[in-house]
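**Student:** Got a structure for you, coords-v9.tsv, holding TSV, C-alpha atoms.
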chain	number	residue	atom	x	y	z
Q	1	HIS	CA	9.02	-0.66	2.15
Q	2	TYR	CA	9.30	-2.64	-1.12
Q	3	LEU	CA	12.92	-3.71	-0.59
Q	4	PRO	CA	12.70	-4.94	3.04
Q	5	ALA	CA	9.31	-6.55	2.36
Q	6	TYR	CA	10.64	-8.39	-0.68
Q	7	PHE	CA	13.76	-9.42	1.24
Q	8	PHE	CA	11.92	-10.96	4.19
Q	9	ALA	CA	9.32	-12.51	1.86
Q	10	THR	CA	11.87	-14.42	-0.19
Q	11	ILE	CA	14.25	-15.77	2.43
Q	12	PRO	CA	13.38	-18.77	4.63
Q	13	LEU	CA	11.73	-17.94	7.95
Q	14	LEU	CA	14.65	-19.62	9.70
Q	15	PHE	CA	17.02	-17.05	8.19
Q	16	SER	CA	14.80	-14.17	9.34
Q	17	ALA	CA	14.72	-15.67	12.83
Q	18	LEU	CA	18.53	-15.93	12.89
Q	19	ILE	CA	18.96	-12.30	11.81
Q	20	LEU	CA	16.60	-11.08	14.53
Q	21	SER	CA	18.24	-13.40	17.05
Q	22	ALA	CA	21.64	-11.93	16.17
Q	23	VAL	CA	20.37	-8.49	17.14
Q	24	PHE	CA	19.19	-9.91	20.47
Q	25	PHE	CA	22.55	-11.57	21.15
Q	26	LEU	CA	24.44	-8.41	20.20
Q	27	ILE	CA	22.43	-6.42	22.74
Q	28	LYS	CA	22.81	-9.14	25.35
Q	29	ASN	CA	26.57	-9.40	24.82
Q	30	PHE	CA	27.11	-5.67	24.44
Q	31	LYS	CA	30.05	-5.72	26.85
Q	32	SER	CA	31.97	-7.83	24.35
Q	33	ILE	CA	31.73	-5.01	21.82
Q	34	ARG	CA	35.26	-5.58	20.48
Q	35	ILE	CA	34.56	-9.21	19.75
Q	36	ASN	CA	31.21	-8.44	18.11
Q	37	LEU	CA	32.36	-5.35	16.20
Q	38	PHE	CA	32.66	-7.24	12.91
Q	39	ILE	CA	29.11	-8.61	13.24
Q	40	ILE	CA	27.81	-5.13	14.05
Q	41	LEU	CA	29.52	-3.73	10.97
Q	42	CYS	CA	28.03	-6.51	8.82
Q	43	LEU	CA	24.57	-5.75	10.17
Q	44	LEU	CA	25.04	-2.02	9.57
Q	45	MET	CA	26.18	-2.66	5.99
Q	46	ALA	CA	22.99	-4.54	5.18
Q	47	VAL	CA	20.59	-2.28	7.07
Q	48	GLY	CA	22.38	0.83	5.83
Q	49	ALA	CA	22.01	-0.23	2.20
Q	50	ILE	CA	18.27	-0.75	2.66
Q	51	ILE	CA	17.85	2.59	4.45
Q	52	MET	CA	19.85	4.44	1.76
Q	53	GLN	CA	17.68	2.91	-0.95
Q	54	ASN	CA	14.57	4.21	0.77
Q	55	ILE	CA	16.08	7.66	1.32
Q	56	THR	CA	17.45	8.09	-2.21
Q	57	ASN	CA	14.57	6.24	-3.87
Q	58	THR	CA	17.02	4.30	-6.02
Q	59	PRO	CA	15.14	2.43	-8.79
Q	60	ILE	CA	14.70	-1.30	-8.19
Q	61	TYR	CA	13.70	-3.70	-10.91
Q	62	ASN	CA	12.10	-7.06	-10.12
Q	63	GLY	CA	12.65	-7.95	-6.51
Q	64	TRP	CA	15.82	-7.28	-4.57
Q	65	ARG	CA	18.23	-8.81	-7.11
Q	66	HIS	CA	20.19	-5.54	-7.32
Q	67	TYR	CA	20.79	-5.83	-3.58
Q	68	TYR	CA	21.91	-9.45	-3.36
Q	69	PHE	CA	25.24	-8.17	-2.09
Q	70	ILE	CA	23.69	-7.43	1.31
Q	71	PHE	CA	23.19	-11.16	1.81
Q	72	VAL	CA	26.95	-11.68	2.15
Q	73	PRO	CA	27.33	-9.68	5.39
Q	74	LEU	CA	24.02	-11.12	6.60
Q	75	VAL	CA	25.46	-14.63	6.27
Q	76	PHE	CA	28.05	-13.64	8.88
Q	77	VAL	CA	25.27	-12.20	11.04
Q	78	MET	CA	23.27	-15.43	10.82
Q	79	THR	CA	26.38	-17.51	11.51
Q	80	TYR	CA	26.99	-15.47	14.65
Q	81	ALA	CA	23.44	-16.13	15.86
Q	82	LEU	CA	23.80	-19.81	15.02
Q	83	ALA	CA	27.03	-20.01	17.02
Q	84	CYS	CA	25.31	-18.41	20.01
Q	85	PHE	CA	22.45	-20.88	19.78
Q	86	LEU	CA	24.79	-23.87	19.57
Q	87	LYS	CA	26.32	-22.83	22.89
Q	88	LEU	CA	22.91	-22.69	24.58
Q	89	LEU	CA	20.88	-25.45	22.96
Q	90	PRO	CA	21.05	-29.13	23.94
Q	91	LYS	CA	22.25	-31.64	21.36
Q	92	PRO	CA	18.74	-32.81	20.27
Q	93	ALA	CA	17.83	-29.20	19.46
Q	94	THR	CA	20.95	-28.78	17.32
Q	95	ILE	CA	19.97	-31.90	15.38
Q	96	ILE	CA	16.53	-30.42	14.72
Q	97	LEU	CA	18.18	-27.18	13.59
Q	98	SER	CA	20.39	-29.14	11.18
Q	99	LEU	CA	17.33	-30.87	9.77
Q	100	CYS	CA	15.69	-27.48	9.16
Q	101	PHE	CA	18.69	-26.36	7.10
Q	102	SER	CA	18.61	-29.67	5.21
Q	103	LEU	CA	14.92	-29.21	4.40
Q	104	ILE	CA	15.61	-25.71	3.04
Q	105	ALA	CA	18.39	-27.09	0.81
Q	106	LEU	CA	16.12	-29.93	-0.35
Q	107	GLN	CA	13.32	-27.52	-1.20
Q	108	MET	CA	15.69	-25.41	-3.32
Q	109	ILE	CA	16.62	-28.55	-5.25
Q	110	ILE	CA	12.98	-29.55	-5.74
Q	111	ILE	CA	11.87	-26.17	-7.12
Q	112	HIS	CA	14.85	-25.86	-9.50
Q	113	PRO	CA	15.11	-23.84	-11.76
Q	114	TYR	CA	12.66	-21.53	-9.97
Q	115	GLN	CA	14.69	-20.90	-6.80
Q	116	TYR	CA	14.49	-17.15	-7.34
Q	117	LEU	CA	10.70	-17.39	-7.17
Q	118	TYR	CA	10.72	-18.81	-3.66
Q	119	PHE	CA	8.47	-17.13	-1.10
Q	120	ASN	CA	8.39	-18.33	2.48
Q	121	PRO	CA	5.24	-19.79	4.12
Q	122	ALA	CA	4.29	-16.43	5.65
Q	123	PHE	CA	3.57	-15.11	2.14
Q	124	ILE	CA	2.28	-18.08	0.16
Q	125	SER	CA	-1.29	-19.38	0.18
Q	126	ASN	CA	-3.14	-19.63	3.44
Q	127	PRO	CA	-5.37	-22.75	3.31
Q	128	LEU	CA	-7.85	-21.07	5.66
Q	129	SER	CA	-8.35	-17.89	3.61
Q	130	ARG	CA	-7.52	-19.48	0.22
Q	131	SER	CA	-5.49	-16.40	-0.66
Q	132	ASP	CA	-1.84	-15.43	-0.73
Q	133	HIS	CA	0.30	-12.32	-0.41
Q	134	VAL	CA	2.29	-13.04	-3.58
Q	135	THR	CA	-0.38	-12.59	-6.23
Q	136	GLY	CA	-0.81	-8.91	-6.98
Q	137	ASN	CA	2.05	-7.80	-4.72
Q	138	PHE	CA	5.24	-9.41	-6.01
Q	139	GLU	CA	6.69	-10.19	-9.43
Q	140	ARG	CA	6.89	-13.80	-10.41
Q	141	ASP	CA	8.87	-15.33	-13.30
Q	142	TYR	CA	10.45	-12.05	-14.43
Q	143	TRP	CA	13.37	-13.85	-16.13
Q	144	GLY	CA	10.94	-15.97	-18.14
Q	145	VAL	CA	12.67	-19.17	-17.08
Q	146	GLY	CA	9.46	-21.15	-17.45
Q	147	GLY	CA	9.14	-20.37	-21.15
Q	148	ARG	CA	11.26	-23.27	-22.33
Q	149	ALA	CA	9.44	-25.75	-20.07
Q	150	ALA	CA	6.08	-24.55	-21.41
Q	151	LEU	CA	7.16	-24.87	-25.05
Q	152	THR	CA	8.61	-28.32	-24.37
Q	153	TRP	CA	5.29	-29.38	-22.85
Q	154	ILE	CA	3.46	-28.24	-25.99
Q	155	LEU	CA	5.88	-30.10	-28.28
Q	156	ASN	CA	5.48	-33.27	-26.23
Q	157	HIS	CA	1.68	-33.14	-26.43
Q	158	ASP	CA	1.21	-31.90	-29.99
Q	159	THR	CA	2.63	-33.89	-32.91
Q	160	SER	CA	2.06	-31.16	-35.50
Q	161	ALA	CA	5.03	-30.38	-37.74
Q	162	HIS	CA	4.66	-26.64	-37.19
Q	163	ILE	CA	3.13	-24.98	-34.13
Q	164	THR	CA	2.49	-21.27	-33.63
Q	165	VAL	CA	2.55	-20.14	-30.02
Q	166	MET	CA	1.72	-16.69	-28.67
Q	167	THR	CA	3.27	-15.31	-25.50
Q	168	ASN	CA	3.32	-12.13	-23.44
Q	169	THR	CA	6.94	-12.32	-22.31
Q	170	LYS	CA	10.35	-12.02	-23.92
Q	171	GLY	CA	11.66	-15.03	-22.01
Q	172	THR	CA	9.29	-17.38	-23.82
Q	173	TYR	CA	9.80	-15.57	-27.13
Q	174	LEU	CA	13.55	-16.23	-26.94
Q	175	ALA	CA	13.27	-19.70	-25.37
Q	176	PRO	CA	13.51	-21.57	-28.74
Q	177	LEU	CA	17.10	-20.35	-29.03
Q	178	LEU	CA	17.93	-22.63	-26.09
Q	179	MET	CA	16.24	-25.66	-27.62
Q	180	PRO	CA	17.61	-28.34	-29.96
Q	181	ALA	CA	17.29	-27.55	-33.67
Q	182	PRO	CA	14.56	-30.18	-34.41
Q	183	GLU	CA	12.36	-28.69	-31.67
Q	184	ARG	CA	13.16	-25.12	-32.62
Q	185	GLU	CA	12.17	-25.70	-36.24
Q	186	ARG	CA	8.71	-26.88	-35.21
Q	187	LEU	CA	7.99	-23.68	-33.28
Q	188	ASN	CA	6.90	-20.23	-34.34
Q	189	VAL	CA	6.71	-18.07	-31.21
Q	190	ILE	CA	5.10	-14.63	-31.53
Q	191	TYR	CA	3.91	-11.92	-29.17
Q	192	LEU	CA	0.26	-11.65	-28.19
Q	193	THR	CA	0.00	-8.35	-30.06
Q	194	ASP	CA	1.35	-9.73	-33.36
Q	195	GLU	CA	-1.56	-9.48	-35.79
Q	196	PRO	CA	-2.63	-10.94	-38.17
Q	197	VAL	CA	-0.21	-13.82	-37.45
Q	198	ALA	CA	-1.97	-14.31	-34.11
Q	199	SER	CA	-4.95	-15.85	-35.90
Q	200	SER	CA	-2.81	-18.87	-36.78
Q	201	ALA	CA	-1.70	-19.51	-33.18
Q	202	SER	CA	-2.84	-22.72	-31.55
Q	203	TYR	CA	-1.51	-22.00	-28.05
Q	204	ILE	CA	-0.79	-19.15	-25.67
Q	205	VAL	CA	1.95	-19.36	-23.04
Q	206	TYR	CA	1.02	-16.77	-20.45
Q	207	ASN	CA	3.55	-15.46	-17.92
Q	208	TYR	CA	2.16	-13.98	-14.68
Q	209	THR	CA	5.09	-11.70	-13.85
Q	210	ASN	CA	3.14	-8.44	-14.09
Q	211	ASP	CA	-0.34	-9.87	-13.73
Q	212	LEU	CA	-2.29	-9.07	-10.57
Q	213	ASN	CA	-4.35	-12.22	-10.97
Q	214	ASN	CA	-3.58	-15.90	-10.61
Q	215	ALA	CA	-5.49	-17.01	-13.70
Q	216	TRP	CA	-5.65	-15.69	-17.25
Q	217	LEU	CA	-9.01	-15.95	-19.00
Q	218	LYS	CA	-9.85	-14.99	-22.57
Q	219	ASP	CA	-12.78	-15.86	-24.82
Q	220	GLY	CA	-11.90	-18.54	-27.32
Q	221	TRP	CA	-9.12	-20.03	-25.21
Q	222	HIS	CA	-9.11	-22.61	-22.42
Q	223	PRO	CA	-6.31	-23.48	-19.96
Q	224	ILE	CA	-4.71	-26.89	-20.37
Q	225	TRP	CA	-1.64	-26.72	-18.12
Q	226	SER	CA	-0.01	-24.45	-15.56
Q	227	GLN	CA	3.16	-24.35	-13.51
Q	228	THR	CA	2.40	-23.60	-9.87
Q	229	MET	CA	4.92	-22.74	-7.15
Q	230	LEU	CA	4.48	-24.51	-3.81
Q	231	ASP	CA	0.81	-25.25	-4.65
Q	232	SER	CA	0.09	-21.55	-4.39
Q	233	TYR	CA	0.67	-19.07	-7.19
Q	234	ASN	CA	0.92	-19.62	-10.93
Q	235	ILE	CA	4.19	-18.89	-12.74
Q	236	TRP	CA	2.87	-19.52	-16.25
Q	237	SER	CA	0.01	-21.29	-17.92
Q	238	ILE	CA	-0.71	-22.80	-21.34
Q	239	HIS	CA	-3.97	-22.11	-23.14
Q	240	ALA	CA	-5.27	-23.88	-26.27
Q	241	ARG	CA	-7.53	-22.34	-28.85
Q	242	GLU	CA	-11.10	-23.61	-28.60
Q	243	LYS	CA	-12.20	-25.53	-31.66
Please rewrite the model in this file as structure tokens.

**Tutor:**
Amino acid sequence: HYLPAYFFATIPLLFSALILSAVFFLIKNFKSIRINLFIILCLLMAVGAIIMQNITNTPIYNGWRHYYFIFVPLVFVMTYALACFLKLLPKPATIILSLCFSLIALQMIIIHPYQYLYFNPAFISNPLSRSDHVTGNFERDYWGVGGRAALTWILNHDTSAHITVMTNTKGTYLAPLLMPAPERERLNVIYLTDEPVASSASYIVYNYTNDLNNAWLKDGWHPIWSQTMLDSYNIWSIHAREK
């Protein structure tokens, strides 16, 4: 159930509601089968791909990114449901629906460049239980996008000419290649396992992609900054060596 769970966890709840509503409208308007045939085929394409993955046990790496193609037919399915709703709903309701879409678009802009780490409210932290369904169940920053931001934060808060930083992810290790030459020359990024160079490291940038926890703790190091998604789960954190 990894693929369908990841799919419904990372799309807005409004989109899930539209997909389910489309199924309802297809059943309700079954007599218009010729008109709805295209929508049925789109739905079967998406569902069929998910079923085939479960049957064949096709390897999936980091979320459902290898199955993004199923979202194209599902856009038609959601559009069909939206069209059905627009025929039934009064004008004030359509305005509210438009605002919901606008809020989704705004949220994607706010969390840039971490859009691919979005999880809908059904899976992020529950204020009542102080827990979430993301930590320990889903990968987080598997592309290592946050590496550059973490290194930039260190450079902005440490005036040293040369800074050695340890990391547990390739994304952060390669991040200096994307940075301006003056910044790149100040950095020496190594892996956590690189000994004895590790003894000279002043900071650790820790990526939580494959970590089941939401906090990284190690003797001799203390956290000084972290990037949190939607006030819920950590993407990465910076730790300084205790003096």

**Student:** State, in Å with one decimal place, the distance from atom CA of Q:Gly63 to atom CA of Q:Gly144.

**Tutor:** 14.2 Å

**Student:** Please write out, as JSON, where the centre of an axis-aligned box around all listed atoms of stretch 223-227 of chain Q lies and how long its edges are, in Å to one decimal, after adding 6 Å on each side.

**Tutor:**
{"center_x": -1.6, "center_y": -25.2, "center_z": -16.9, "size_x": 21.5, "size_y": 15.4, "size_z": 18.9}

**Student:** Using all atoms listed in the file for the distances, tell me which of Q:Leu117, Q:Asn57, Q:Ile104, Q:Ile238 is nearest to Q:Thr152.

**Tutor:**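 So, comparing all the options, the nearest one is Q:Ile238.
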
**Student:** Could you state the separation of atom CA of Q:Ala105 and atom CA of Q:Gly147 in Å, given to one decimal place?

**Tutor:**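 Atom CA of Q:Gly147 lies at a distance of 24.8 Å from atom CA of Q:Ala105.
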
**Student:** Which residue gives the smallest distance to Q:Thr209 among Q:Asn137, Q:Thr10, Q:Asn188, Q:Asn156, with only C-alpha atoms counted?

**Tutor:**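 Of Q:Asn137, Q:Thr10, Q:Asn188, Q:Asn156, the one nearest Q:Thr209, counting only C-alpha atoms, is Q:Asn137.
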
**Student:** Using only C-alpha atoms, which of the listed residues (Q:Tyr173, Q:Trp153, Q:Tyr114, Q:Tyr80) sits closest to Q:Asn234?

**Tutor:**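 Answer, going by the shortest atom-to-atom distance: Q:Tyr114.
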